[in-house]
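Below: target_34.csv (CSV, C-alpha atoms)
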```
chain,number,residue,atom,x,y,z
A,239,MET,CA,5.8,-29.4,27.9
A,240,SER,CA,5.6,-28.6,31.6
A,241,VAL,CA,7.9,-26.3,33.5
A,242,THR,CA,9.4,-29.3,35.2
A,243,GLU,CA,10.2,-31.0,31.9
A,244,ALA,CA,11.6,-27.7,30.5
A,245,ASN,CA,14.2,-27.7,33.3
A,246,ILE,CA,15.4,-31.2,32.6
A,247,GLU,CA,19.1,-31.5,32.0
A,248,VAL,CA,20.3,-31.6,28.4
A,249,ILE,CA,22.6,-34.5,27.6
A,250,ALA,CA,24.3,-35.9,24.5
A,251,ILE,CA,22.7,-39.2,23.4
A,252,PRO,CA,24.0,-41.5,20.6
A,253,LEU,CA,22.0,-41.1,17.4
A,254,ALA,CA,21.7,-44.9,17.2
A,255,ASP,CA,20.0,-45.0,20.5
A,256,ILE,CA,17.1,-42.9,19.3
A,257,GLU,CA,14.2,-43.9,17.1
A,258,PRO,CA,11.3,-41.8,15.6
A,259,ASN,CA,7.8,-42.0,16.9
A,260,PRO,CA,5.8,-44.2,14.4
A,261,ASP,CA,2.8,-42.0,15.2
A,262,GLN,CA,4.6,-38.8,14.3
A,263,PRO,CA,1.9,-36.7,12.5
A,264,ARG,CA,4.4,-35.4,9.9
A,265,LYS,CA,5.5,-38.0,7.4
A,266,PHE,CA,7.1,-35.8,4.8
A,267,PHE,CA,10.5,-34.2,5.4
A,268,ASP,CA,11.9,-31.8,2.7
A,269,GLU,CA,15.4,-33.1,1.9
A,270,ALA,CA,16.6,-29.6,0.9
A,271,LYS,CA,15.3,-28.1,4.3
A,272,LEU,CA,17.0,-30.9,6.2
A,273,GLU,CA,20.3,-30.1,4.4
A,274,GLU,CA,19.9,-26.4,5.3
A,275,LEU,CA,19.5,-27.4,9.0
A,276,ALA,CA,22.5,-29.7,8.8
A,277,ALA,CA,24.5,-26.8,7.4
A,278,GLN,CA,23.4,-24.8,10.4
A,279,PHE,CA,24.6,-27.5,12.7
A,280,ARG,CA,28.0,-27.6,11.0
A,281,SER,CA,28.3,-23.8,11.3
A,282,VAL,CA,26.9,-22.9,14.8
A,283,GLY,CA,26.0,-26.3,16.3
A,284,GLN,CA,22.7,-27.5,17.6
A,285,LEU,CA,20.8,-24.6,19.2
A,286,GLN,CA,17.8,-26.5,20.6
A,287,PRO,CA,17.7,-30.0,22.1
A,288,ILE,CA,15.3,-32.6,21.0
A,289,VAL,CA,12.9,-34.3,23.5
A,290,VAL,CA,12.8,-38.1,23.9
A,291,ARG,CA,11.2,-40.6,26.1
A,292,PRO,CA,12.1,-44.2,27.1
A,293,ALA,CA,10.6,-46.8,24.8
A,294,GLY,CA,11.8,-50.3,25.4
A,295,ASP,CA,15.6,-50.5,24.8
A,296,LYS,CA,15.5,-47.3,22.8
A,297,LEU,CA,14.6,-43.6,23.3
A,298,GLN,CA,11.7,-42.4,21.2
A,299,ILE,CA,11.5,-38.9,19.8
A,300,VAL,CA,8.7,-36.8,21.3
A,301,MET,CA,9.8,-33.5,19.7
A,302,GLY,CA,12.5,-32.8,17.2
A,303,GLU,CA,12.6,-35.6,14.5
A,304,ARG,CA,13.5,-33.0,11.9
A,305,ARG,CA,16.6,-32.1,14.0
A,306,TRP,CA,17.4,-35.8,14.5
A,307,ARG,CA,17.2,-36.5,10.8
A,308,ALA,CA,19.4,-33.4,9.9
A,309,MET,CA,22.0,-34.4,12.4
A,310,HIS,CA,22.4,-37.7,10.5
A,311,LEU,CA,23.6,-35.5,7.5
A,312,VAL,CA,26.4,-34.0,9.5
A,313,GLU,CA,29.7,-35.8,8.8
A,314,GLY,CA,31.2,-37.3,11.9
A,315,ALA,CA,28.2,-36.6,14.1
A,316,SER,CA,27.4,-39.5,16.4
A,317,THR,CA,25.3,-37.8,19.2
A,318,ILE,CA,22.6,-35.3,19.5
A,319,GLU,CA,21.7,-33.1,22.5
A,320,ALA,CA,18.4,-34.2,24.0
A,321,LYS,CA,16.1,-34.0,27.1
A,322,VAL,CA,14.8,-37.3,28.4
A,323,VAL,CA,11.3,-37.1,29.8
A,324,GLY,CA,9.7,-40.1,31.5
A,325,SER,CA,6.2,-38.9,32.2
A,326,VAL,CA,4.9,-38.6,28.6
A,327,ASP,CA,2.3,-41.2,27.5
A,328,ASP,CA,1.3,-41.9,23.9
A,329,GLU,CA,-1.4,-39.3,23.9
A,330,LYS,CA,0.7,-36.5,25.3
A,331,ALA,CA,3.6,-37.4,23.0
A,332,PHE,CA,1.3,-37.2,20.0
A,333,VAL,CA,-0.1,-33.8,21.1
A,334,MET,CA,3.4,-32.5,21.7
A,335,GLY,CA,4.5,-33.7,18.3
A,336,ILE,CA,1.6,-32.0,16.6
A,337,SER,CA,2.3,-28.8,18.5
A,338,GLU,CA,5.8,-28.7,17.2
A,339,ASN,CA,4.7,-29.3,13.6
A,340,ILE,CA,1.5,-27.3,13.2
A,341,GLY,CA,2.3,-24.2,11.2
A,342,ARG,CA,5.5,-25.5,9.7
A,343,ALA,CA,5.7,-24.8,5.9
A,344,ASP,CA,6.7,-28.3,5.2
A,345,MET,CA,3.8,-30.0,7.0
A,346,THR,CA,1.4,-31.0,4.3
A,347,LEU,CA,-2.3,-30.3,4.3
A,348,MET,CA,-3.1,-34.0,4.5
A,349,GLU,CA,-0.7,-34.6,7.4
A,350,GLU,CA,-2.4,-31.7,9.3
A,351,ALA,CA,-5.8,-33.1,8.5
A,352,GLN,CA,-4.9,-36.6,9.7
A,353,ALA,CA,-3.3,-35.2,12.9
A,354,TYR,CA,-6.5,-33.4,13.8
A,355,ALA,CA,-8.5,-36.6,13.0
A,356,ASP,CA,-6.2,-38.7,15.2
A,357,LEU,CA,-6.8,-36.3,18.1
A,358,VAL,CA,-10.5,-36.7,17.6
A,359,GLY,CA,-9.8,-40.4,17.9
A,360,PHE,CA,-8.2,-39.7,21.3
A,361,GLY,CA,-11.5,-38.2,22.3
A,362,TYR,CA,-10.8,-34.5,21.6
A,363,MET,CA,-13.6,-32.3,20.2
A,364,ALA,CA,-12.9,-29.9,17.3
A,365,GLU,CA,-13.4,-27.0,19.6
A,366,ALA,CA,-10.7,-28.2,22.0
A,367,ILE,CA,-8.3,-29.0,19.2
A,368,ALA,CA,-8.8,-25.5,17.8
A,369,GLU,CA,-8.1,-23.9,21.2
A,370,MET,CA,-5.1,-26.1,21.7
A,371,PHE,CA,-3.4,-24.9,18.5
A,372,GLY,CA,-4.7,-21.4,18.2
A,373,LYS,CA,-7.0,-22.1,15.3
A,374,THR,CA,-10.7,-21.6,14.7
A,375,THR,CA,-13.0,-24.5,15.1
A,376,ASP,CA,-14.1,-24.2,11.4
A,377,TYR,CA,-10.4,-24.3,10.4
A,378,VAL,CA,-9.9,-27.6,12.1
A,379,ARG,CA,-13.1,-29.0,10.6
A,380,TRP,CA,-12.2,-27.8,7.1
A,381,ARG,CA,-8.8,-29.5,7.4
A,382,MET,CA,-10.4,-32.8,8.5
A,383,ASP,CA,-12.9,-32.5,5.6
A,384,LEU,CA,-9.9,-33.1,3.3
A,385,LEU,CA,-9.8,-36.8,4.5
A,386,ASN,CA,-12.9,-37.3,2.3
A,387,LEU,CA,-10.7,-36.9,-0.8
A,388,THR,CA,-9.9,-40.1,-2.8
A,389,THR,CA,-6.5,-41.5,-2.3
A,390,ASP,CA,-5.1,-40.4,-5.6
A,391,ILE,CA,-6.4,-36.8,-5.2
A,392,ALA,CA,-5.1,-36.7,-1.6
A,393,GLU,CA,-1.7,-37.5,-3.0
A,394,LEU,CA,-1.9,-34.6,-5.4
A,395,VAL,CA,-2.7,-32.3,-2.4
A,396,THR,CA,0.2,-33.7,-0.5
A,397,GLU,CA,2.5,-33.0,-3.5
A,398,GLY,CA,1.3,-29.4,-3.5
A,399,LYS,CA,-0.3,-29.8,-7.0
A,400,ILE,CA,-3.7,-28.8,-5.6
A,401,LYS,CA,-4.2,-25.9,-3.2
A,402,ALA,CA,-6.1,-25.9,0.0
A,403,ASP,CA,-9.2,-23.9,-1.1
A,404,PHE,CA,-9.9,-26.0,-4.2
A,405,ALA,CA,-9.1,-29.2,-2.2
A,406,TRP,CA,-11.7,-28.3,0.4
A,407,TYR,CA,-14.4,-27.8,-2.3
A,408,LEU,CA,-13.3,-31.1,-3.8
A,409,SER,CA,-13.8,-32.8,-0.5
A,410,LYS,CA,-17.5,-32.0,-0.6
A,411,LEU,CA,-18.0,-33.9,-3.8
A,412,SER,CA,-18.7,-37.5,-4.6
A,413,PRO,CA,-15.5,-39.5,-5.6
A,414,ALA,CA,-16.6,-39.4,-9.3
A,415,ASN,CA,-17.1,-35.7,-9.4
A,416,GLN,CA,-13.8,-35.2,-7.5
A,417,LYS,CA,-12.1,-36.9,-10.4
A,418,VAL,CA,-14.1,-34.8,-13.0
A,419,ALA,CA,-13.0,-31.5,-11.4
A,420,VAL,CA,-9.4,-32.6,-10.8
A,421,THR,CA,-9.1,-33.9,-14.4
A,422,ARG,CA,-10.1,-30.5,-15.7
A,423,TYR,CA,-7.8,-28.8,-13.2
A,424,MET,CA,-4.7,-30.8,-14.1
A,425,LYS,CA,-5.4,-30.1,-17.8
A,426,GLY,CA,-5.3,-26.4,-17.1
A,427,ASP,CA,-8.9,-25.7,-18.0
A,428,PHE,CA,-9.3,-23.1,-15.3
A,429,LYS,CA,-7.7,-19.7,-15.6
A,430,THR,CA,-7.6,-19.1,-11.8
A,431,GLU,CA,-7.9,-21.0,-8.6
A,432,THR,CA,-11.3,-19.2,-8.0
A,433,ASP,CA,-12.6,-20.6,-11.3
A,434,ALA,CA,-11.6,-24.1,-10.2
A,435,SER,CA,-13.3,-23.7,-6.8
A,436,THR,CA,-16.4,-22.2,-8.4
A,437,PHE,CA,-16.7,-25.2,-10.8
A,438,ALA,CA,-16.5,-27.5,-7.8
A,439,GLN,CA,-19.2,-25.6,-6.1
A,440,ALA,CA,-21.4,-25.9,-9.2
A,441,LEU,CA,-20.8,-29.7,-9.2
A,442,ARG,CA,-21.9,-29.8,-5.5
A,443,MET,CA,-25.0,-27.9,-6.4
A,444,LYS,CA,-25.8,-30.4,-9.1
A,445,GLU,CA,-25.3,-33.3,-6.7
A,446,ASN,CA,-27.7,-31.7,-4.2
A,447,GLN,CA,-30.2,-30.4,-6.6
A,448,GLU,CA,-30.1,-31.7,-10.1
A,449,GLY,CA,-32.7,-29.2,-11.3
A,450,PHE,CA,-30.8,-25.9,-10.6
A,451,PHE,CA,-31.7,-25.1,-14.2
A,452,SER,CA,-35.4,-25.4,-15.0
A,453,ASP,CA,-36.4,-28.4,-17.0
A,454,LYS,CA,-39.9,-27.1,-17.6
A,455,GLU,CA,-41.0,-27.2,-21.3
A,456,LEU,CA,-41.5,-23.6,-22.5
A,457,SER,CA,-44.6,-22.5,-24.5
A,458,THR,CA,-44.1,-20.9,-27.9
A,459,LYS,CA,-44.7,-17.5,-26.3
A,460,GLU,CA,-42.2,-18.2,-23.5
A,461,LYS,CA,-39.6,-19.3,-26.1
A,462,GLU,CA,-40.1,-16.1,-28.1
A,463,ASP,CA,-39.8,-14.0,-24.9
A,464,LYS,CA,-36.6,-15.9,-23.9
A,465,ALA,CA,-35.1,-15.3,-27.4
A,466,LYS,CA,-35.9,-11.6,-27.2
A,467,GLU,CA,-34.4,-11.4,-23.7
A,468,ARG,CA,-31.2,-13.1,-24.9
A,469,LYS,CA,-30.9,-10.8,-27.9
A,470,GLN,CA,-31.2,-7.8,-25.6
A,471,ALA,CA,-28.6,-9.2,-23.2
A,472,LYS,CA,-26.2,-9.8,-26.1
A,473,SER,CA,-26.7,-6.2,-27.2
A,474,LYS,CA,-25.9,-5.0,-23.7
A,475,VAL,CA,-22.8,-7.1,-23.6
A,476,ASP,CA,-21.6,-5.6,-26.9
A,477,GLN,CA,-22.0,-2.2,-25.3
A,478,VAL,CA,-19.9,-3.4,-22.4
A,479,GLU,CA,-17.2,-4.4,-24.7
A,480,ARG,CA,-17.2,-1.0,-26.4
A,481,ALA,CA,-17.0,0.6,-22.9
A,482,GLY,CA,-14.1,-1.7,-22.1
A,483,THR,CA,-12.3,-0.5,-25.2
A,484,LEU,CA,-12.7,3.1,-24.0
A,485,LEU,CA,-11.4,2.3,-20.5
A,486,GLU,CA,-8.4,0.6,-22.0
A,487,GLU,CA,-7.7,3.8,-23.9
A,488,LEU,CA,-7.9,5.8,-20.7
A,489,ALA,CA,-5.6,3.4,-18.9
A,490,LYS,CA,-2.9,4.1,-21.5
A,491,LEU,CA,-2.8,7.8,-20.5
A,492,THR,CA,-0.5,9.1,-17.8
A,493,PRO,CA,-2.0,10.8,-14.7
A,494,THR,CA,-0.7,14.1,-16.0
A,495,GLU,CA,-2.4,13.6,-19.3
A,496,LEU,CA,-5.7,12.7,-17.6
A,497,ALA,CA,-5.5,15.7,-15.4
A,498,ASP,CA,-5.0,18.0,-18.4
A,499,LEU,CA,-7.7,16.2,-20.4
A,500,PHE,CA,-10.4,16.3,-17.7
A,501,GLU,CA,-9.3,19.6,-16.0
A,502,GLY,CA,-11.9,20.4,-13.3
A,503,GLU,CA,-13.9,17.2,-13.9
A,504,VAL,CA,-11.4,14.5,-12.9
A,505,GLY,CA,-13.3,13.6,-9.7
A,506,LYS,CA,-16.6,13.3,-11.6
A,507,HIS,CA,-15.0,10.9,-14.1
A,508,LEU,CA,-13.2,9.0,-11.4
A,509,ASP,CA,-16.5,8.4,-9.6
A,510,ALA,CA,-18.1,7.2,-12.8
A,511,VAL,CA,-15.3,4.7,-13.6
A,512,GLU,CA,-15.4,3.5,-10.0
A,513,ARG,CA,-19.1,2.7,-10.2
A,514,VAL,CA,-18.4,0.8,-13.4
A,515,ARG,CA,-15.5,-1.1,-11.7
A,516,LYS,CA,-17.8,-2.2,-8.8
A,517,SER,CA,-20.5,-3.3,-11.1
A,518,ALA,CA,-18.1,-5.1,-13.3
A,519,ALA,CA,-16.6,-7.0,-10.3
A,520,GLU,CA,-20.1,-8.1,-9.3
A,521,ALA,CA,-20.9,-9.1,-12.9
A,522,VAL,CA,-17.7,-11.1,-13.2
A,523,LYS,CA,-18.4,-13.0,-10.0
A,524,LYS,CA,-21.9,-13.9,-11.1
A,525,LEU,CA,-20.8,-14.8,-14.7
A,526,ARG,CA,-18.1,-17.0,-13.3
A,527,LYS,CA,-20.6,-18.9,-11.3
A,528,ALA,CA,-23.0,-19.0,-14.2
A,529,LYS,CA,-20.3,-20.4,-16.5
A,530,ALA,CA,-19.5,-23.1,-13.9
A,531,MET,CA,-23.1,-24.0,-13.5
A,532,SER,CA,-23.6,-24.3,-17.2
A,533,GLU,CA,-20.5,-26.5,-17.6
A,534,ALA,CA,-21.6,-28.7,-14.6
A,535,LYS,CA,-25.1,-29.1,-16.1
A,536,GLN,CA,-23.7,-30.5,-19.4
A,537,LEU,CA,-21.5,-33.0,-17.7
A,538,THR,CA,-22.5,-36.7,-17.5
A,539,VAL,CA,-20.3,-38.7,-15.2
A,540,ARG,CA,-19.2,-42.0,-16.8
A,541,PRO,CA,-19.3,-45.2,-14.7
A,542,GLU,CA,-15.5,-45.6,-15.1
A,543,LEU,CA,-14.9,-42.4,-13.3
A,544,GLU,CA,-16.4,-43.8,-10.1
A,545,VAL,CA,-13.6,-44.1,-7.6
A,546,GLU,CA,-13.7,-46.0,-4.3
A,547,PRO,CA,-13.6,-43.6,-1.4
A,548,LYS,CA,-10.7,-43.8,1.1
A,549,ALA,CA,-11.1,-46.4,3.8
A,550,GLU,CA,-10.8,-43.7,6.5
A,551,GLY,CA,-13.8,-41.9,5.1
A,552,GLY,CA,-16.3,-43.9,7.1
A,553,GLU,CA,-19.8,-44.5,5.9
A,554,GLY,CA,-20.3,-41.4,3.8
A,555,GLU,CA,-20.2,-37.7,4.3
A,556,PRO,CA,-21.8,-36.3,7.4
A,557,GLU,CA,-24.5,-33.8,7.2
A,558,PRO,CA,-23.0,-30.2,7.4
A,559,THR,CA,-23.5,-28.3,10.6
A,560,GLU,CA,-25.1,-24.9,10.8
A,561,SER,CA,-21.7,-23.4,11.2
A,562,GLU,CA,-20.4,-25.2,8.1
A,563,LEU,CA,-23.4,-24.0,6.1
A,564,ALA,CA,-22.9,-20.5,7.2
A,565,GLU,CA,-19.2,-20.6,6.3
A,566,ALA,CA,-19.9,-22.2,3.0
A,567,ALA,CA,-22.3,-19.3,2.3
A,568,LYS,CA,-19.5,-16.8,3.1
A,569,LEU,CA,-17.1,-18.7,0.9
A,570,GLU,CA,-19.6,-18.5,-2.0
A,571,ALA,CA,-20.1,-14.8,-1.4
A,572,THR,CA,-16.4,-14.2,-1.8
A,573,ALA,CA,-15.9,-16.6,-4.8
A,574,GLY,CA,-15.3,-13.7,-7.1
A,575,ARG,CA,-12.1,-12.7,-5.4
A,576,GLU,CA,-8.7,-14.0,-6.7
A,577,GLN,CA,-7.3,-16.0,-3.8
A,578,GLU,CA,-3.7,-17.3,-3.6
A,579,GLU,CA,-4.2,-18.6,0.0
A,580,PRO,CA,-6.8,-21.1,1.1
A,581,VAL,CA,-10.0,-19.6,2.4
A,582,ALA,CA,-9.6,-21.7,5.5
A,583,ALA,CA,-6.0,-20.9,6.1
```

Show me this structure written as structure tokens.
Amino acid sequence: MSVTEANIEVIAIPLADIEPNPDQPRKFFDEAKLEELAAQFRSVGQLQPIVVRPAGDKLQIVMGERRWRAMHLVEGASTIEAKVVGSVDDEKAFVMGISENIGRADMTLMEEAQAYADLVGFGYMAEAIAEMFGKTTDYVRWRMDLLNLTTDIAELVTEGKIKADFAWYLSKLSPANQKVAVTRYMKGDFKTETDASTFAQALRMKENQEGFFSDKELSTKEKEDKAKERKQAKSKVDQVERAGTLLEELAKLTPTELADLFEGEVGKHLDAVERVRKSAAEAVKKLRKAKAMSEAKQLTVRPELEVEPKAEGGEGEPEPTESELAEAAKLEATAGREQEEPVAA
């Protein structure tokens, strides 16, 4: 909003004379949050006016639909304080509406993604959109990637049943594999969000390179060597399990007991356990990926799992940019960390 518009007089306008903008980027309004705002209005009144513009015989909301909706919940309220601006075209109204909503907790991922895509439709580049809203260019692109999700999966994202990180990895898959991954996710097959995202990554690898496991026929000698290697690996894992039992016993002791037990050598033992911890974290990351790759390799997508892509999806997924490839590599490198928030957030 310009300085001139900011100084426009605030007036009381009948609620019935105002209508929402049909192009408002946010479509979901939390009823509980609206009631909280209505309670605030009842207690202290309306603290911030909404912004409207002329639209035929009505005034259309530019900013403040949430306040307008909440005011309808206030018994006896018939007007709302507003500023009327006459120099706002459709594009500017849309940008102002997005500016108000970006970052709100109740704006869904899919609404945000569609808002950015609509701005692209107005001719804005991802870089300009990012600068406009204080985001990174990759963040904006990641959000728009979500529009590659099938309609039913996008609805799960909107309902908050699928988190941003996993949703982004899903968006890189074919519709059939999206459904494969989500079916397992909704069944609770994954212990963590990271496990789910890693499995989606493995499916993507399978799509791009079916032979990420060698299909070469092994000779008798190679089979014998492989069997020997597996036996040795199993033996080492058995030792890891025994070491784990010892660490569990140490973890049960209090710091005072450990200081007394390892008097003069606590630092040495701490360094040893720290080395084990770092190696274990790296091994967990690689084993998690190996597990996902193994499960992906064994999957055969049935024809009935093929899902029609969303109409908005265009003619297929675009080739990733160098920036996207670099960011995907970074995401893969951090796949072993437990993440509550989306990587792109």

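Distance annotation: of A:Val475, A:Met309, A:Ala331, A:Ala405, the residue with the minimal separation from Leu525 in chain A is A:Val475; atom set is all atoms listed in the file.
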
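For the atom pair formed by CA of Ala530 in chain A and CA of Ala351 in chain A, the distance is 28.1 Å, given to one decimal.
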
Hey, which bits of range 374-461 of chain A sit within 12 Å of range 253-267 of chain A, and for each residue what's the closest pair of atoms and how far apart in Å (one decimal), counting only C-alpha atoms, rows by chain and increasing number, as a Markdown table?
```
| residue | atom | partner | partner_atom | distance |
| --- | --- | --- | --- | --- |
| A:Glu393 | CA | A:Phe266 | CA | 11.9 |
| A:Thr396 | CA | A:Phe266 | CA | 9.0 |
| A:Glu397 | CA | A:Phe266 | CA | 9.9 |
| A:Gly398 | CA | A:Phe266 | CA | 12.0 |
```

Please report as a tab-separated table every residue of range 297-352 of chain A lying within 8 Å of range 377-386 of chain A, along with the nearest atom pair and their distance in Å (one decimal), using all atoms listed in the file.
```
residue	atom	partner	partner_atom	distance
A:Leu347	CA	A:Arg381	CA	7.2
A:Met348	CA	A:Leu384	CA	7.0
A:Glu350	CA	A:Arg381	CA	7.0
A:Ala351	CA	A:Met382	CA	4.6
A:Gln352	CA	A:Met382	CA	6.8
```

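When CA of Ile391 in chain A is paired with CA of Pro413 in chain A, their separation reads 9.5 Å.
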
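The gap separating CA of Gly361 in chain A from CA of Ala392 in chain A is 24.8 Å, in Å to one decimal.
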
May I have the residues within 12 Å of Lys373 in chain A as number ranges by chain, using all atoms listed in the file and disregarding those fewer than 2 positions away in the same chain?
A: 337, 340-341, 354, 364-371, 375-381, 582-583

Where atoms are lacking, range 495-507 of chain A completed to N, CA, C and O atoms, as a PDB file, in the coordinates of the input:
```
ATOM      1  N   GLU A 495      -1.563  13.436 -18.155  1.00  0.00           N
ATOM      2  CA  GLU A 495      -2.400  13.600 -19.300  1.00  0.00           C
ATOM      3  C   GLU A 495      -3.880  13.603 -18.987  1.00  0.00           C
ATOM      4  O   GLU A 495      -4.670  14.376 -19.537  1.00  0.00           O
ATOM      5  N   LEU A 496      -4.267  12.736 -18.037  1.00  0.00           N
ATOM      6  CA  LEU A 496      -5.700  12.700 -17.600  1.00  0.00           C
ATOM      7  C   LEU A 496      -6.086  13.964 -16.903  1.00  0.00           C
ATOM      8  O   LEU A 496      -7.191  14.477 -17.098  1.00  0.00           O
ATOM      9  N   ALA A 497      -5.187  14.485 -16.062  1.00  0.00           N
ATOM     10  CA  ALA A 497      -5.500  15.700 -15.400  1.00  0.00           C
ATOM     11  C   ALA A 497      -5.692  16.876 -16.321  1.00  0.00           C
ATOM     12  O   ALA A 497      -6.574  17.730 -16.151  1.00  0.00           O
ATOM     13  N   ASP A 498      -4.876  16.907 -17.361  1.00  0.00           N
ATOM     14  CA  ASP A 498      -5.000  18.000 -18.400  1.00  0.00           C
ATOM     15  C   ASP A 498      -6.238  17.780 -19.221  1.00  0.00           C
ATOM     16  O   ASP A 498      -6.945  18.736 -19.538  1.00  0.00           O
ATOM     17  N   LEU A 499      -6.536  16.515 -19.552  1.00  0.00           N
ATOM     18  CA  LEU A 499      -7.700  16.200 -20.400  1.00  0.00           C
ATOM     19  C   LEU A 499      -9.007  16.516 -19.734  1.00  0.00           C
ATOM     20  O   LEU A 499      -9.948  17.049 -20.343  1.00  0.00           O
ATOM     21  N   PHE A 500      -9.112  16.154 -18.433  1.00  0.00           N
ATOM     22  CA  PHE A 500     -10.400  16.300 -17.700  1.00  0.00           C
ATOM     23  C   PHE A 500     -10.292  17.446 -16.657  1.00  0.00           C
ATOM     24  O   PHE A 500     -10.880  17.353 -15.590  1.00  0.00           O
ATOM     25  N   GLU A 501      -9.567  18.480 -16.976  1.00  0.00           N
ATOM     26  CA  GLU A 501      -9.300  19.600 -16.000  1.00  0.00           C
ATOM     27  C   GLU A 501     -10.664  20.040 -15.406  1.00  0.00           C
ATOM     28  O   GLU A 501     -11.619  20.385 -16.106  1.00  0.00           O
ATOM     29  N   GLY A 502     -10.691  20.001 -14.072  1.00  0.00           N
ATOM     30  CA  GLY A 502     -11.900  20.400 -13.300  1.00  0.00           C
ATOM     31  C   GLY A 502     -12.945  19.386 -13.187  1.00  0.00           C
ATOM     32  O   GLY A 502     -13.891  19.574 -12.416  1.00  0.00           O
ATOM     33  N   GLU A 503     -12.823  18.255 -13.907  1.00  0.00           N
ATOM     34  CA  GLU A 503     -13.900  17.200 -13.900  1.00  0.00           C
ATOM     35  C   GLU A 503     -13.275  15.824 -13.581  1.00  0.00           C
ATOM     36  O   GLU A 503     -13.953  14.823 -13.781  1.00  0.00           O
ATOM     37  N   VAL A 504     -12.029  15.786 -13.132  1.00  0.00           N
ATOM     38  CA  VAL A 504     -11.400  14.500 -12.900  1.00  0.00           C
ATOM     39  C   VAL A 504     -12.157  13.682 -11.856  1.00  0.00           C
ATOM     40  O   VAL A 504     -12.404  12.483 -12.031  1.00  0.00           O
ATOM     41  N   GLY A 505     -12.565  14.331 -10.773  1.00  0.00           N
ATOM     42  CA  GLY A 505     -13.300  13.600  -9.700  1.00  0.00           C
ATOM     43  C   GLY A 505     -14.583  13.016 -10.209  1.00  0.00           C
ATOM     44  O   GLY A 505     -14.926  11.885  -9.842  1.00  0.00           O
ATOM     45  N   LYS A 506     -15.315  13.760 -11.039  1.00  0.00           N
ATOM     46  CA  LYS A 506     -16.600  13.300 -11.600  1.00  0.00           C
ATOM     47  C   LYS A 506     -16.351  12.010 -12.420  1.00  0.00           C
ATOM     48  O   LYS A 506     -17.073  11.011 -12.294  1.00  0.00           O
ATOM     49  N   HIS A 507     -15.317  12.056 -13.259  1.00  0.00           N
ATOM     50  CA  HIS A 507     -15.000  10.900 -14.100  1.00  0.00           C
ATOM     51  C   HIS A 507     -14.501   9.718 -13.315  1.00  0.00           C
ATOM     52  O   HIS A 507     -14.773   8.558 -13.643  1.00  0.00           O
TER      53      HIS A 507
END
```
